[in-house]
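> I am sharing upload.tsv, which consists of TSV, C-alpha atoms:
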chain	number	residue	atom	x	y	z
A	1005	MET	CA	0.00	0.00	0.00
A	1006	SER	CA	1.72	3.14	-1.07
A	1007	SER	CA	1.47	5.82	1.56
A	1008	VAL	CA	-0.79	8.15	-0.28
A	1009	HIS	CA	-1.56	10.32	2.70
A	1010	ALA	CA	-3.48	12.93	0.88
A	1011	ALA	CA	-2.49	16.09	2.69
A	1012	LEU	CA	-5.58	16.46	4.82
A	1013	GLY	CA	-6.37	19.93	6.06
A	1014	ALA	CA	-7.10	20.75	9.67
A	1015	THR	CA	-10.86	20.62	9.04
A	1016	ASP	CA	-10.65	17.14	7.56
A	1017	LEU	CA	-8.50	15.90	10.44
A	1018	LEU	CA	-10.99	17.32	12.90
A	1019	GLY	CA	-13.81	15.60	11.03
A	1020	LEU	CA	-11.91	12.29	11.16
A	1021	PHE	CA	-11.34	12.75	14.91
A	1022	ALA	CA	-15.00	13.63	15.53
A	1023	HIS	CA	-16.25	10.63	13.56
A	1024	PHE	CA	-14.12	8.23	15.58
A	1025	LEU	CA	-15.17	9.94	18.84
A	1026	LEU	CA	-18.75	9.06	17.97
A	1027	LEU	CA	-17.91	5.49	16.94
A	1028	SER	CA	-16.10	4.96	20.24
A	1029	LEU	CA	-19.36	5.12	22.17
A	1030	LEU	CA	-21.08	2.78	19.71
A	1031	ALA	CA	-18.31	0.17	19.84
A	1032	VAL	CA	-20.08	-2.27	22.15
A	1033	GLY	CA	-18.33	-5.62	21.72
A	1034	GLY	CA	-15.06	-4.14	20.51
A	1035	ALA	CA	-13.79	-1.70	17.93
A	1036	ILE	CA	-14.06	-4.23	15.11
A	1037	THR	CA	-17.86	-4.07	15.37
A	1038	THR	CA	-17.74	-0.51	14.02
A	1039	ALA	CA	-15.49	-1.41	11.07
A	1040	PRO	CA	-18.42	-1.40	8.60
A	1041	ASP	CA	-19.20	2.20	9.52
A	1042	MET	CA	-15.53	3.22	9.33
A	1043	HIS	CA	-15.51	1.76	5.84
A	1044	ARG	CA	-18.61	3.74	4.91
A	1045	TYR	CA	-17.05	6.99	6.14
A	1046	VAL	CA	-13.42	6.68	5.02
A	1047	VAL	CA	-13.93	4.83	1.71
A	1048	THR	CA	-17.46	5.49	0.43
A	1049	GLN	CA	-18.12	8.98	1.72
A	1050	GLN	CA	-14.73	10.73	1.91
A	1051	HIS	CA	-12.74	8.69	-0.68
A	1052	TRP	CA	-9.63	8.91	1.49
A	1053	LEU	CA	-8.85	5.20	1.02
A	1054	SER	CA	-9.64	2.55	-1.61
A	1055	ASP	CA	-11.43	-0.68	-0.76
A	1056	ALA	CA	-8.17	-2.63	-1.04
A	1057	GLN	CA	-6.36	-0.18	1.23
A	1058	PHE	CA	-9.08	-0.57	3.84
A	1059	SER	CA	-8.92	-4.38	3.78
A	1060	ALA	CA	-5.13	-4.34	3.88
A	1061	SER	CA	-5.21	-2.07	6.94
A	1062	VAL	CA	-7.32	-4.62	8.83
A	1063	ALA	CA	-5.14	-7.54	7.67
A	1064	ILE	CA	-1.90	-5.88	8.75
A	1065	ALA	CA	-3.24	-5.20	12.23
A	1066	GLN	CA	-4.38	-8.83	12.50
A	1067	ALA	CA	-0.88	-10.05	11.65
A	1068	ALA	CA	0.82	-7.83	14.22
A	1069	PRO	CA	0.83	-8.53	17.95
A	1070	GLY	CA	-1.40	-6.44	20.18
A	1071	PRO	CA	-5.04	-5.51	20.57
A	1072	ASN	CA	-7.20	-5.69	17.43
A	1073	VAL	CA	-8.10	-2.01	17.86
A	1074	LEU	CA	-4.74	-1.16	16.29
A	1075	PHE	CA	-6.33	-1.51	12.86
A	1076	VAL	CA	-7.76	1.92	13.67
A	1077	ALA	CA	-4.20	3.27	13.98
A	1078	VAL	CA	-3.28	1.80	10.59
A	1079	LEU	CA	-6.39	3.31	9.01
A	1080	GLY	CA	-5.45	6.73	10.39
A	1081	TRP	CA	-1.88	6.34	9.17
A	1082	ASN	CA	-3.01	5.42	5.66
A	1083	VAL	CA	-5.39	8.35	5.54
A	1084	ALA	CA	-3.09	11.08	6.85
A	1085	GLY	CA	0.17	9.77	8.33
A	1086	PRO	CA	1.09	10.28	12.01
A	1087	LEU	CA	-1.55	12.99	12.53
A	1088	GLY	CA	-4.16	10.65	11.09
A	1089	THR	CA	-3.16	7.94	13.58
A	1090	LEU	CA	-3.38	10.47	16.40
A	1091	ALA	CA	-6.85	11.55	15.26
A	1092	THR	CA	-8.32	8.05	14.86
A	1093	MET	CA	-6.72	6.46	17.94
A	1094	SER	CA	-7.49	9.27	20.37
A	1095	GLY	CA	-10.98	9.49	18.92
A	1096	ILE	CA	-11.73	5.77	19.31
A	1097	LEU	CA	-10.18	5.56	22.80
A	1098	LEU	CA	-11.03	8.73	24.75
A	1099	PRO	CA	-14.82	8.44	25.22
A	1100	SER	CA	-14.87	4.69	25.86
A	1101	THR	CA	-11.91	4.94	28.25
A	1102	ALA	CA	-13.52	7.66	30.34
A	1103	LEU	CA	-16.86	5.85	30.40
A	1104	SER	CA	-15.29	2.49	31.32
A	1105	LEU	CA	-13.34	3.93	34.23
A	1106	TRP	CA	-16.34	5.79	35.57
A	1107	ALA	CA	-18.72	2.84	35.16
A	1108	THR	CA	-16.43	0.25	36.74
A	1109	ARG	CA	-15.65	2.49	39.72
A	1110	TRP	CA	-19.38	2.97	40.18
A	1111	GLY	CA	-19.89	-0.80	39.96
A	1112	ALA	CA	-16.95	-1.66	42.24
A	1113	GLN	CA	-18.46	0.36	45.09
A	1114	ARG	CA	-21.63	-1.66	44.68
A	1115	SER	CA	-20.10	-5.04	43.87
A	1116	GLU	CA	-21.95	-6.77	46.72
A	1117	THR	CA	-25.36	-5.40	45.77
A	1118	ARG	CA	-28.02	-7.58	44.20
A	1119	GLY	CA	-28.12	-5.50	41.01
A	1120	VAL	CA	-24.41	-5.75	40.20
A	1121	ARG	CA	-24.34	-9.45	41.13
A	1122	ALA	CA	-27.31	-10.17	38.87
A	1123	PHE	CA	-25.59	-8.21	36.09
A	1124	THR	CA	-22.32	-10.20	36.13
A	1125	THR	CA	-24.03	-13.54	36.87
A	1126	GLY	CA	-26.47	-13.05	34.02
A	1127	LEU	CA	-23.93	-11.89	31.47
A	1128	ALA	CA	-21.25	-14.54	32.18
A	1129	PRO	CA	-22.77	-17.19	29.87
A	1130	LEU	CA	-23.25	-14.57	27.12
A	1131	THR	CA	-19.58	-13.64	27.42
A	1132	LEU	CA	-18.56	-17.25	26.85
A	1133	GLY	CA	-21.00	-17.53	23.96
A	1134	LEU	CA	-19.44	-14.42	22.43
A	1135	LEU	CA	-15.94	-15.89	22.79
A	1136	LEU	CA	-17.07	-19.03	20.97
A	1137	SER	CA	-18.68	-16.85	18.28
A	1138	THR	CA	-15.48	-14.87	17.78
A	1139	GLY	CA	-13.57	-18.14	17.39
A	1140	TRP	CA	-16.10	-19.35	14.84
A	1141	ILE	CA	-16.07	-16.09	12.86
A	1142	LEU	CA	-12.26	-16.23	12.69
A	1143	ALA	CA	-12.30	-19.91	11.65
A	1144	GLU	CA	-15.20	-19.79	9.18
A	1145	PRO	CA	-13.35	-18.47	6.09
A	1146	PHE	CA	-10.88	-21.38	6.36
A	1147	VAL	CA	-13.60	-23.98	6.89
A	1148	ARG	CA	-15.55	-22.75	3.86
A	1149	ASN	CA	-12.51	-22.88	1.56
A	1150	PRO	CA	-11.75	-26.50	0.57
A	1151	ALA	CA	-8.12	-25.64	-0.23
A	1152	GLN	CA	-7.50	-24.37	3.28
A	1153	ARG	CA	-9.89	-26.49	5.36
A	1154	ASP	CA	-7.68	-29.46	6.30
A	1155	GLY	CA	-4.59	-27.47	7.19
A	1156	ALA	CA	-6.55	-24.90	9.17
A	1157	LEU	CA	-8.58	-27.51	11.08
A	1158	ALA	CA	-5.35	-29.35	11.95
A	1159	LEU	CA	-3.84	-26.11	13.30
A	1160	ILE	CA	-6.99	-25.30	15.28
A	1161	GLY	CA	-7.05	-28.84	16.72
A	1162	ILE	CA	-3.39	-28.69	17.74
A	1163	THR	CA	-3.98	-25.26	19.30
A	1164	LEU	CA	-6.93	-26.54	21.34
A	1165	LEU	CA	-4.94	-29.53	22.59
A	1166	VAL	CA	-1.82	-27.57	23.52
A	1167	MET	CA	-3.74	-24.74	25.20
A	1168	THR	CA	-5.97	-26.97	27.34
A	1169	ARG	CA	-3.36	-29.62	28.23
A	1170	THR	CA	-0.10	-27.70	28.63
A	1171	LYS	CA	1.19	-24.38	29.90
A	1172	ALA	CA	3.07	-23.55	26.68
A	1173	SER	CA	2.96	-19.92	25.53
A	1174	PRO	CA	0.54	-19.17	22.66
A	1175	MET	CA	3.52	-17.59	20.87
A	1176	TRP	CA	4.84	-21.05	19.91
A	1177	LEU	CA	1.51	-21.93	18.34
A	1178	VAL	CA	1.44	-18.69	16.37
A	1179	ALA	CA	4.98	-19.43	15.15
A	1180	LEU	CA	3.87	-22.95	14.16
A	1181	GLY	CA	0.92	-21.45	12.27
A	1182	ALA	CA	3.16	-18.98	10.43
A	1183	TRP	CA	5.59	-21.75	9.49
A	1184	ALA	CA	2.88	-24.17	8.32
A	1185	GLY	CA	1.28	-21.37	6.30
A	1186	ALA	CA	4.57	-20.31	4.73
A	1187	MET	CA	5.15	-23.95	3.69
A	1188	GLY	CA	1.85	-23.76	1.81
A	1189	TRP	CA	-0.14	-26.17	4.02
A	1190	VAL	CA	-2.99	-23.80	4.84
B	1494	MET	CA	-10.02	-30.16	31.91
B	1495	SER	CA	-7.14	-27.73	32.17
B	1496	ALA	CA	-4.11	-26.95	34.30
B	1497	THR	CA	-5.82	-23.79	35.55
B	1498	PRO	CA	-5.40	-22.99	39.23
B	1499	ASP	CA	-8.75	-23.41	40.92
B	1500	ARG	CA	-10.66	-20.48	42.28
B	1501	ASN	CA	-9.62	-21.10	45.86
B	1502	ALA	CA	-5.90	-20.75	45.15
B	1503	ALA	CA	-4.50	-17.59	46.74
B	1504	LEU	CA	-4.39	-14.60	44.42
B	1505	GLU	CA	-1.49	-12.21	44.06
B	1506	ALA	CA	-1.18	-8.57	43.04
B	1507	PRO	CA	1.35	-6.49	41.10
B	1508	ALA	CA	4.03	-5.02	43.37
B	1509	SER	CA	4.55	-1.80	41.41
B	1510	ILE	CA	3.29	0.24	38.51
B	1511	ALA	CA	6.36	-0.87	36.55
B	1512	GLU	CA	5.39	-4.51	37.04
B	1513	LEU	CA	1.88	-3.69	35.84
B	1514	PHE	CA	3.22	-1.94	32.73
B	1515	LEU	CA	5.60	-4.80	31.92
B	1516	ALA	CA	2.92	-7.44	32.41
B	1517	PHE	CA	0.56	-5.73	29.97
B	1518	ASN	CA	3.38	-5.05	27.55
B	1519	ARG	CA	4.34	-8.73	27.60
B	1520	MET	CA	0.73	-9.74	27.03
B	1521	ALA	CA	0.28	-7.36	24.13
B	1522	LEU	CA	3.45	-8.50	22.38
B	1523	GLN	CA	2.37	-12.14	22.59
B	1524	GLY	CA	-1.12	-11.37	21.35
B	1525	PHE	CA	-1.18	-12.27	17.69
B	1526	GLY	CA	-4.74	-12.20	16.41
B	1527	GLY	CA	-6.02	-10.63	19.62
B	1528	VAL	CA	-4.84	-10.48	23.20
B	1529	LEU	CA	-7.73	-12.20	24.97
B	1530	ALA	CA	-6.33	-15.73	24.94
B	1531	VAL	CA	-2.97	-14.51	26.18
B	1532	ALA	CA	-4.62	-12.35	28.84
B	1533	GLN	CA	-6.34	-15.36	30.41
B	1534	ARG	CA	-3.07	-17.30	30.44
B	1535	GLU	CA	-1.01	-14.43	31.87
B	1536	LEU	CA	-3.45	-12.85	34.35
B	1537	VAL	CA	-5.03	-16.06	35.65
B	1538	GLU	CA	-2.50	-18.84	35.14
B	1539	ARG	CA	0.90	-17.13	35.31
B	1540	LYS	CA	0.49	-14.00	37.42
B	1541	ARG	CA	-2.54	-15.21	39.42
B	1542	TRP	CA	-3.85	-11.68	39.73
B	1543	LEU	CA	-7.36	-12.92	38.93
B	1544	SER	CA	-9.32	-16.15	39.32
B	1545	ASN	CA	-11.08	-17.57	36.26
B	1546	GLU	CA	-14.38	-16.34	37.74
B	1547	GLN	CA	-13.07	-12.79	38.22
B	1548	PHE	CA	-11.67	-12.86	34.69
B	1549	VAL	CA	-15.09	-13.76	33.25
B	1550	ASP	CA	-16.76	-11.07	35.39
B	1551	MET	CA	-14.34	-8.39	34.19
B	1552	LEU	CA	-14.65	-9.57	30.62
B	1553	SER	CA	-18.45	-9.42	30.85
B	1554	VAL	CA	-18.28	-5.81	32.01
B	1555	SER	CA	-15.65	-4.94	29.37
B	1556	GLN	CA	-17.83	-6.41	26.66
B	1557	VAL	CA	-20.93	-4.49	27.62
B	1558	LEU	CA	-19.07	-1.18	27.84
B	1559	PRO	CA	-18.20	0.47	24.54
B	1560	GLY	CA	-14.59	0.35	23.39
B	1561	PRO	CA	-12.05	-2.40	22.72
B	1562	ASN	CA	-12.62	-5.21	25.27
B	1563	ILE	CA	-9.01	-5.86	26.08
B	1564	VAL	CA	-8.28	-2.14	26.43
B	1565	ASN	CA	-11.21	-1.79	28.85
B	1566	LEU	CA	-9.97	-4.80	30.81
B	1567	SER	CA	-6.46	-3.28	31.08
B	1568	LEU	CA	-7.86	0.03	32.29
B	1569	VAL	CA	-10.09	-1.53	34.90
B	1570	LEU	CA	-7.38	-3.80	36.28
B	1571	GLY	CA	-4.78	-1.01	36.36
B	1572	ASP	CA	-7.26	1.30	38.06
B	1573	ARG	CA	-8.12	-1.33	40.66
B	1574	TYR	CA	-4.49	-1.62	41.80
B	1575	PHE	CA	-3.02	1.88	41.38
B	1576	GLY	CA	-5.86	4.24	40.49
B	1577	LEU	CA	-5.63	6.46	37.43
B	1578	ARG	CA	-1.84	6.09	37.17
B	1579	GLY	CA	-2.27	2.33	37.11
B	1580	ALA	CA	-4.93	2.59	34.41
B	1581	ALA	CA	-2.61	4.76	32.32
B	1582	ALA	CA	0.33	2.37	32.84
B	1583	ALA	CA	-1.73	-0.67	31.84
B	1584	LEU	CA	-3.07	1.13	28.77
B	1585	ALA	CA	0.43	2.28	27.72
B	1586	GLY	CA	1.79	-1.24	28.23
B	1587	MET	CA	-1.00	-2.64	26.09
B	1588	LEU	CA	-0.73	-0.14	23.22
B	1589	LEU	CA	2.67	1.56	22.81
B	1590	ALA	CA	4.98	-1.22	21.62
B	1591	PRO	CA	2.34	-2.89	19.40
B	1592	LEU	CA	1.51	0.50	17.88
B	1593	ALA	CA	5.15	1.01	16.86
B	1594	ILE	CA	5.28	-2.52	15.41
B	1595	VAL	CA	2.06	-2.25	13.44
B	1596	LEU	CA	3.07	1.07	11.90
B	1597	ALA	CA	6.46	-0.38	10.91
B	1598	LEU	CA	4.62	-3.34	9.34
B	1599	THR	CA	2.39	-0.93	7.44
B	1600	ALA	CA	5.49	0.59	5.91
B	1601	LEU	CA	6.94	-2.84	5.02
B	1602	TYR	CA	3.71	-4.40	3.79
B	1603	ALA	CA	3.78	-2.98	0.29
B	1604	GLN	CA	7.11	-4.68	-0.48
B	1605	PHE	CA	6.23	-8.20	0.67
B	1606	ALA	CA	2.48	-8.63	0.27
B	1607	HIS	CA	2.85	-10.32	-3.14
B	1608	LEU	CA	5.01	-13.22	-1.83
B	1609	PRO	CA	2.92	-16.43	-1.50
B	1610	ALA	CA	4.86	-17.50	1.62
B	1611	VAL	CA	3.97	-14.24	3.37
B	1612	ALA	CA	0.28	-14.57	2.50
B	1613	GLY	CA	0.41	-18.24	3.60
B	1614	ALA	CA	2.05	-17.38	6.92
B	1615	LEU	CA	-0.71	-14.84	7.61
B	1616	ARG	CA	-3.35	-17.51	6.92
B	1617	GLY	CA	-1.62	-19.98	9.25
B	1618	MET	CA	-1.46	-17.39	12.02
B	1619	GLY	CA	-5.12	-16.60	11.46
B	1620	ALA	CA	-6.11	-20.25	11.93
B	1621	VAL	CA	-4.12	-20.47	15.17
B	1622	ALA	CA	-5.73	-17.23	16.38
B	1623	ALA	CA	-9.14	-18.85	15.90
B	1624	GLY	CA	-8.01	-21.91	17.87
B	1625	LEU	CA	-6.66	-19.72	20.69
B	1626	VAL	CA	-9.97	-17.94	21.18
B	1627	ILE	CA	-11.95	-21.21	21.15
B	1628	ALA	CA	-9.50	-22.78	23.64
B	1629	THR	CA	-9.94	-19.80	25.99
B	1630	ALA	CA	-13.71	-20.20	25.84
B	1631	PHE	CA	-13.41	-23.94	26.65
B	1632	LYS	CA	-11.17	-23.21	29.63
B	1633	LEU	CA	-13.58	-20.63	31.01
B	1634	LEU	CA	-16.67	-22.86	30.58
B	1635	GLY	CA	-15.81	-24.40	33.97
B	1636	THR	CA	-16.68	-21.09	35.65
B	1637	LEU	CA	-20.35	-21.64	34.78
B	1638	LYS	CA	-20.50	-24.50	37.31
B	1639	THR	CA	-20.58	-22.00	40.16
B	1640	ASN	CA	-23.00	-19.63	38.42
B	1641	ARG	CA	-26.19	-19.10	40.46
B	1642	MET	CA	-28.41	-19.59	37.42
B	1643	GLY	CA	-27.39	-23.24	37.26
B	1644	GLN	CA	-25.39	-25.03	34.60
B	1645	ARG	CA	-28.27	-25.87	32.25
B	1646	ILE	CA	-29.56	-22.33	31.94
B	1647	CYS	CA	-25.99	-21.06	31.49
B	1648	VAL	CA	-25.20	-23.52	28.70
B	1649	ALA	CA	-28.50	-22.60	27.03
B	1650	PHE	CA	-27.64	-18.89	27.11
B	1651	ALA	CA	-24.10	-19.50	25.84
B	1652	LEU	CA	-25.45	-21.57	22.92
B	1653	LEU	CA	-28.22	-19.06	22.12
B	1654	THR	CA	-25.60	-16.29	22.05
B	1655	LEU	CA	-23.40	-18.38	19.76
B	1656	ALA	CA	-26.35	-19.02	17.41
B	1657	ALA	CA	-27.48	-15.39	17.40
B	1658	VAL	CA	-24.02	-13.92	16.74
B	1659	ALA	CA	-22.20	-16.53	14.66
B	1660	TRP	CA	-25.10	-18.00	12.70
B	1661	LEU	CA	-27.88	-15.40	12.53
B	1662	ARG	CA	-25.37	-12.50	12.59
B	1663	TRP	CA	-27.53	-10.34	14.84
B	1664	PRO	CA	-25.96	-7.03	15.84
B	1665	LEU	CA	-24.32	-7.38	19.24
B	1666	LEU	CA	-26.40	-4.58	20.70
B	1667	TRP	CA	-29.61	-6.57	20.14
B	1668	VAL	CA	-28.11	-9.75	21.55
B	1669	ILE	CA	-27.12	-7.95	24.74
B	1670	LEU	CA	-30.39	-6.06	25.06
B	1671	GLY	CA	-32.47	-9.16	24.32
B	1672	LEU	CA	-30.72	-12.26	25.68
B	1673	GLY	CA	-28.71	-10.18	28.16
B	1674	SER	CA	-31.70	-8.59	29.87
B	1675	LEU	CA	-33.44	-11.96	30.05
B	1676	ALA	CA	-30.36	-13.55	31.67
B	1677	ILE	CA	-29.91	-10.66	34.10
B	1678	GLY	CA	-33.60	-10.93	34.99
B	1679	ILE	CA	-33.20	-14.64	35.80
B	1680	ALA	CA	-30.02	-13.94	37.78
B	1681	TRP	CA	-31.81	-11.15	39.67
B	1682	LYS	CA	-34.33	-13.72	40.94
B	1683	GLN	CA	-31.57	-16.16	41.94
B	1684	TRP	CA	-29.86	-13.49	44.05
B	1685	ARG	CA	-33.03	-12.85	46.06
B	1686	PRO	CA	-31.81	-12.15	49.58
What would the structure in this file look like if it were written as structure tokens?


Amino acid sequence: MSSVHAALGATDLLGLFAHFLLLSLLAVGGAITTAPDMHRYVVTQQHWLSDAQFSASVAIAQAAPGPNVLFVAVLGWNVAGPLGTLATMSGILLPSTALSLWATRWGAQRSETRGVRAFTTGLAPLTLGLLLSTGWILAEPFVRNPAQRDGALALIGITLLVMTRTKASPMWLVALGAWAGAMGWV
Amino acid sequence: MSATPDRNAALEAPASIAELFLAFNRMALQGFGGVLAVAQRELVERKRWLSNEQFVDMLSVSQVLPGPNIVNLSLVLGDRYFGLRGAAAALAGMLLAPLAIVLALTALYAQFAHLPAVAGALRGMGAVAAGLVIATAFKLLGTLKTNRMGQRICVAFALLTLAAVAWLRWPLLWVILGLGSLAIGIAWKQWRP
């Protein structure tokens, strides 16, 4: 992806920042849930990035270590360089960060109350269901592609075994996956 | 099912802000394809700062609040130990080094994206990332045994959530408002004093 950072003016940067501020408060379930709207704004509406550049931004962030939200940093970088990253990252993080801190402090003071207990007790099974869903959504493209299915299922099976039976670091499994993929087995 | 310490094992706490920063930094740098799986291993199994039950509780809250789940979890844990400075240290540990790496990768990407081995390696890492998340879910399923709603109701809600999100592709907001309020309502009755 050539760094095309169109020289965005201050108004455009502010608009980018404001849009991500708004998305931050809508990002229930993680930043990736607002990706469709980011695409609509950055690609369809403003024409700052092409479709391919948008997809590549998400793929690069997936391949790097760290929280998935970093795809937002890559998007900002590809739109407007370092200032773009500053605009998108501070926008996506500031409102949710402030709200999370406030809400959890509020909840911590009331952690023994019936309401807070009912809240965490009730949501615990949904949280596990969401984890399983995330796993499925990540695995699905491999399972649906006959050329990749066997290799990917083998990797997923090995990962499940190693993670539930041993204390090995996930890093080794990621390295195994990279190696198997580079050899053309996935 | 797993080598996880049980919930009665004594918990520990970070000794300093520096330890907090380094722990989150270490987690972030191991987190290919997401940090959640690594976070359970580090915070519960290695550091023993949280029990599996506490981890699920914090994750539940992080998921309902807007914003990246793992970032919310870092903030909340840092804040619990060292207040705002702790929250800032945990957040910096989680984001700074990975941010530098991902921007460097962005710069390199253009030169290597066309190589089949590079594309293949990304696919392999993606498959392992899927396995890591599923393994974390399996390990945490044990926490439902002590849930007041009872195991059957919990498994039903977990499966309904899986069906709604992965199969029907409902927006998360509706799943939480619909299934979530129902589950909280049931739990509210179970916690009757």

> Separation of atom CA of Val1166 of chain A and atom CA of Ala1620 of chain B, in Å?

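A separation of 14.4 Å between them.
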
> Sorted by chain and rising residue number, list the residues of chain B at most 6 Å from chain A (counting all atoms listed in the file), each with its closest atom pair and distance in Å to one decimal, as a Markdown table.


| residue | atom | partner | partner_atom | distance |
| --- | --- | --- | --- | --- |
| B:Ser1495 | CA | A:Thr1168 | CA | 5.0 |
| B:Ala1521 | CA | A:Gly1070 | CA | 4.4 |
| B:Leu1522 | CA | A:Pro1069 | CA | 5.1 |
| B:Gln1523 | CA | A:Met1175 | CA | 5.8 |
| B:Gly1524 | CA | A:Pro1069 | CA | 4.8 |
| B:Phe1525 | CA | A:Pro1069 | CA | 4.3 |
| B:Gly1526 | CA | A:Gln1066 | CA | 5.2 |
| B:Gly1527 | CA | A:Pro1071 | CA | 5.3 |
| B:Val1528 | CA | A:Pro1071 | CA | 5.6 |
| B:Asp1550 | CA | A:Thr1124 | CA | 5.7 |
| B:Ser1553 | CA | A:Thr1131 | CA | 5.6 |
| B:Gln1556 | CA | A:Gly1033 | CA | 5.0 |
| B:Val1557 | CA | A:Val1032 | CA | 6.0 |
| B:Leu1558 | CA | A:Val1032 | CA | 5.9 |
| B:Pro1559 | CA | A:Val1032 | CA | 4.1 |
| B:Gly1560 | CA | A:Ser1100 | CA | 5.0 |
| B:Pro1561 | CA | A:Gly1034 | CA | 4.1 |
| B:Asn1562 | CA | A:Gly1034 | CA | 5.5 |
| B:Pro1591 | CA | A:Gly1070 | CA | 5.2 |
| B:Val1595 | CA | A:Ala1068 | CA | 5.8 |
| B:Ala1603 | CA | A:Met1005 | CA | 4.8 |
| B:Ala1610 | CA | A:Ala1186 | CA | 4.2 |
| B:Gly1613 | CA | A:Gly1185 | CA | 4.2 |
| B:Ala1614 | CA | A:Ala1182 | CA | 4.0 |
| B:Gly1617 | CA | A:Gly1181 | CA | 4.2 |
| B:Met1618 | CA | A:Gly1181 | CA | 4.7 |
| B:Ala1620 | CA | A:Ala1156 | CA | 5.4 |
| B:Val1621 | CA | A:Ile1160 | CA | 5.6 |
| B:Ala1623 | CA | A:Gly1139 | CA | 4.7 |
| B:Gly1624 | CA | A:Ile1160 | CA | 4.4 |
| B:Val1626 | CA | A:Gly1139 | CA | 5.2 |
| B:Ile1627 | CA | A:Gly1139 | CA | 5.1 |
| B:Ala1628 | CA | A:Leu1164 | CA | 5.1 |
| B:Ala1630 | CA | A:Leu1135 | CA | 5.7 |
| B:Cys1647 | CA | A:Pro1129 | CA | 5.3 |
| B:Phe1650 | CA | A:Pro1129 | CA | 5.9 |
| B:Ala1651 | CA | A:Gly1133 | CA | 4.1 |
| B:Thr1654 | CA | A:Gly1133 | CA | 5.1 |
| B:Leu1655 | CA | A:Gly1133 | CA | 4.9 |
| B:Ala1659 | CA | A:Ser1137 | CA | 5.1 |
| B:Ala1676 | CA | A:Gly1126 | CA | 4.6 |
| B:Ile1677 | CA | A:Gly1126 | CA | 4.2 |
| B:Ala1680 | CA | A:Ala1122 | CA | 4.8 |
| B:Trp1681 | CA | A:Ala1122 | CA | 4.7 |

> Please indicate the distance in Å from atom CA of Phe1021 of chain A to atom CA of Val1062 of chain A, rounded to one decimal place.

18.8 Å

> Report, in Å with one decimal, the straight-line distance from atom CA of Val1564 of chain B to atom CA of Met1587 of chain B.

7.3 Å

> Please enclose the listed atoms of segment 1092-1103 of chain A in an axis-aligned box, pad each side by 5 Å, and write out the centre and the three edge lengths in Å, rounded to one decimal, as JSON.


{"center_x": -11.8, "center_y": 7.1, "center_z": 22.6, "size_x": 20.1, "size_y": 14.8, "size_z": 25.5}

> Check the smallest atom-to-atom distance from each of B:Ala1622, B:Leu1529, B:Ala1581, B:Ala1606 to Phe1548 of chain B using all atoms listed in the file, then report the winner.

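Going through B:Ala1622, B:Leu1529, B:Ala1581, B:Ala1606 one by one, the smallest distance to Phe1548 of chain B is for B:Leu1529.
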
> Residues at most 10 Å from Leu1012 of chain A, counting only C-alpha atoms, excluding those fewer than 5 positions away in the same chain, as a list in words?

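The filter keeps Leu1017, Leu1018, Leu1020, Trp1052, Val1083, Ala1084, Gly1085, Leu1087 and Gly1088 of chain A.
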
> Calculated over only C-alpha atoms, which of the candidates B:Arg1578, B:Arg1573, B:Arg1616, B:Lys1632 has the smallest distance to Glu1546 of chain B?

B:Lys1632

> May I have the residues within 8 Å of Ser1567 of chain B as a list in words, using all atoms listed in the file and disregarding those fewer than 6 positions away in the same chain?

Phe1517, Ala1580, Ala1583, Leu1584 and Met1587 of chain B

> Go through B:Leu1513, B:Leu1598, B:Leu1608, B:Met1551 and flag the residue nearest Ser1115 of chain A, using only C-alpha atoms for the distances.

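Between B:Leu1513, B:Leu1598, B:Leu1608, B:Met1551, the residue approaching Ser1115 of chain A most closely is B:Met1551.
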
> Tell me which protein, DNA and RNA residues are within 12 Å of Phe1575 of chain B, counting only C-alpha atoms, leaving out same-chain ones fewer than 3 positions away, and put them as a ChimeraX atom specification.

/B:1506-1514,1568-1572,1578-1583

> May I ask which of the residues B:Leu1552, B:Leu1601, B:Leu1672, B:Leu1588 is the closest one to Leu1652 of chain B, counting only C-alpha atoms?

B:Leu1672
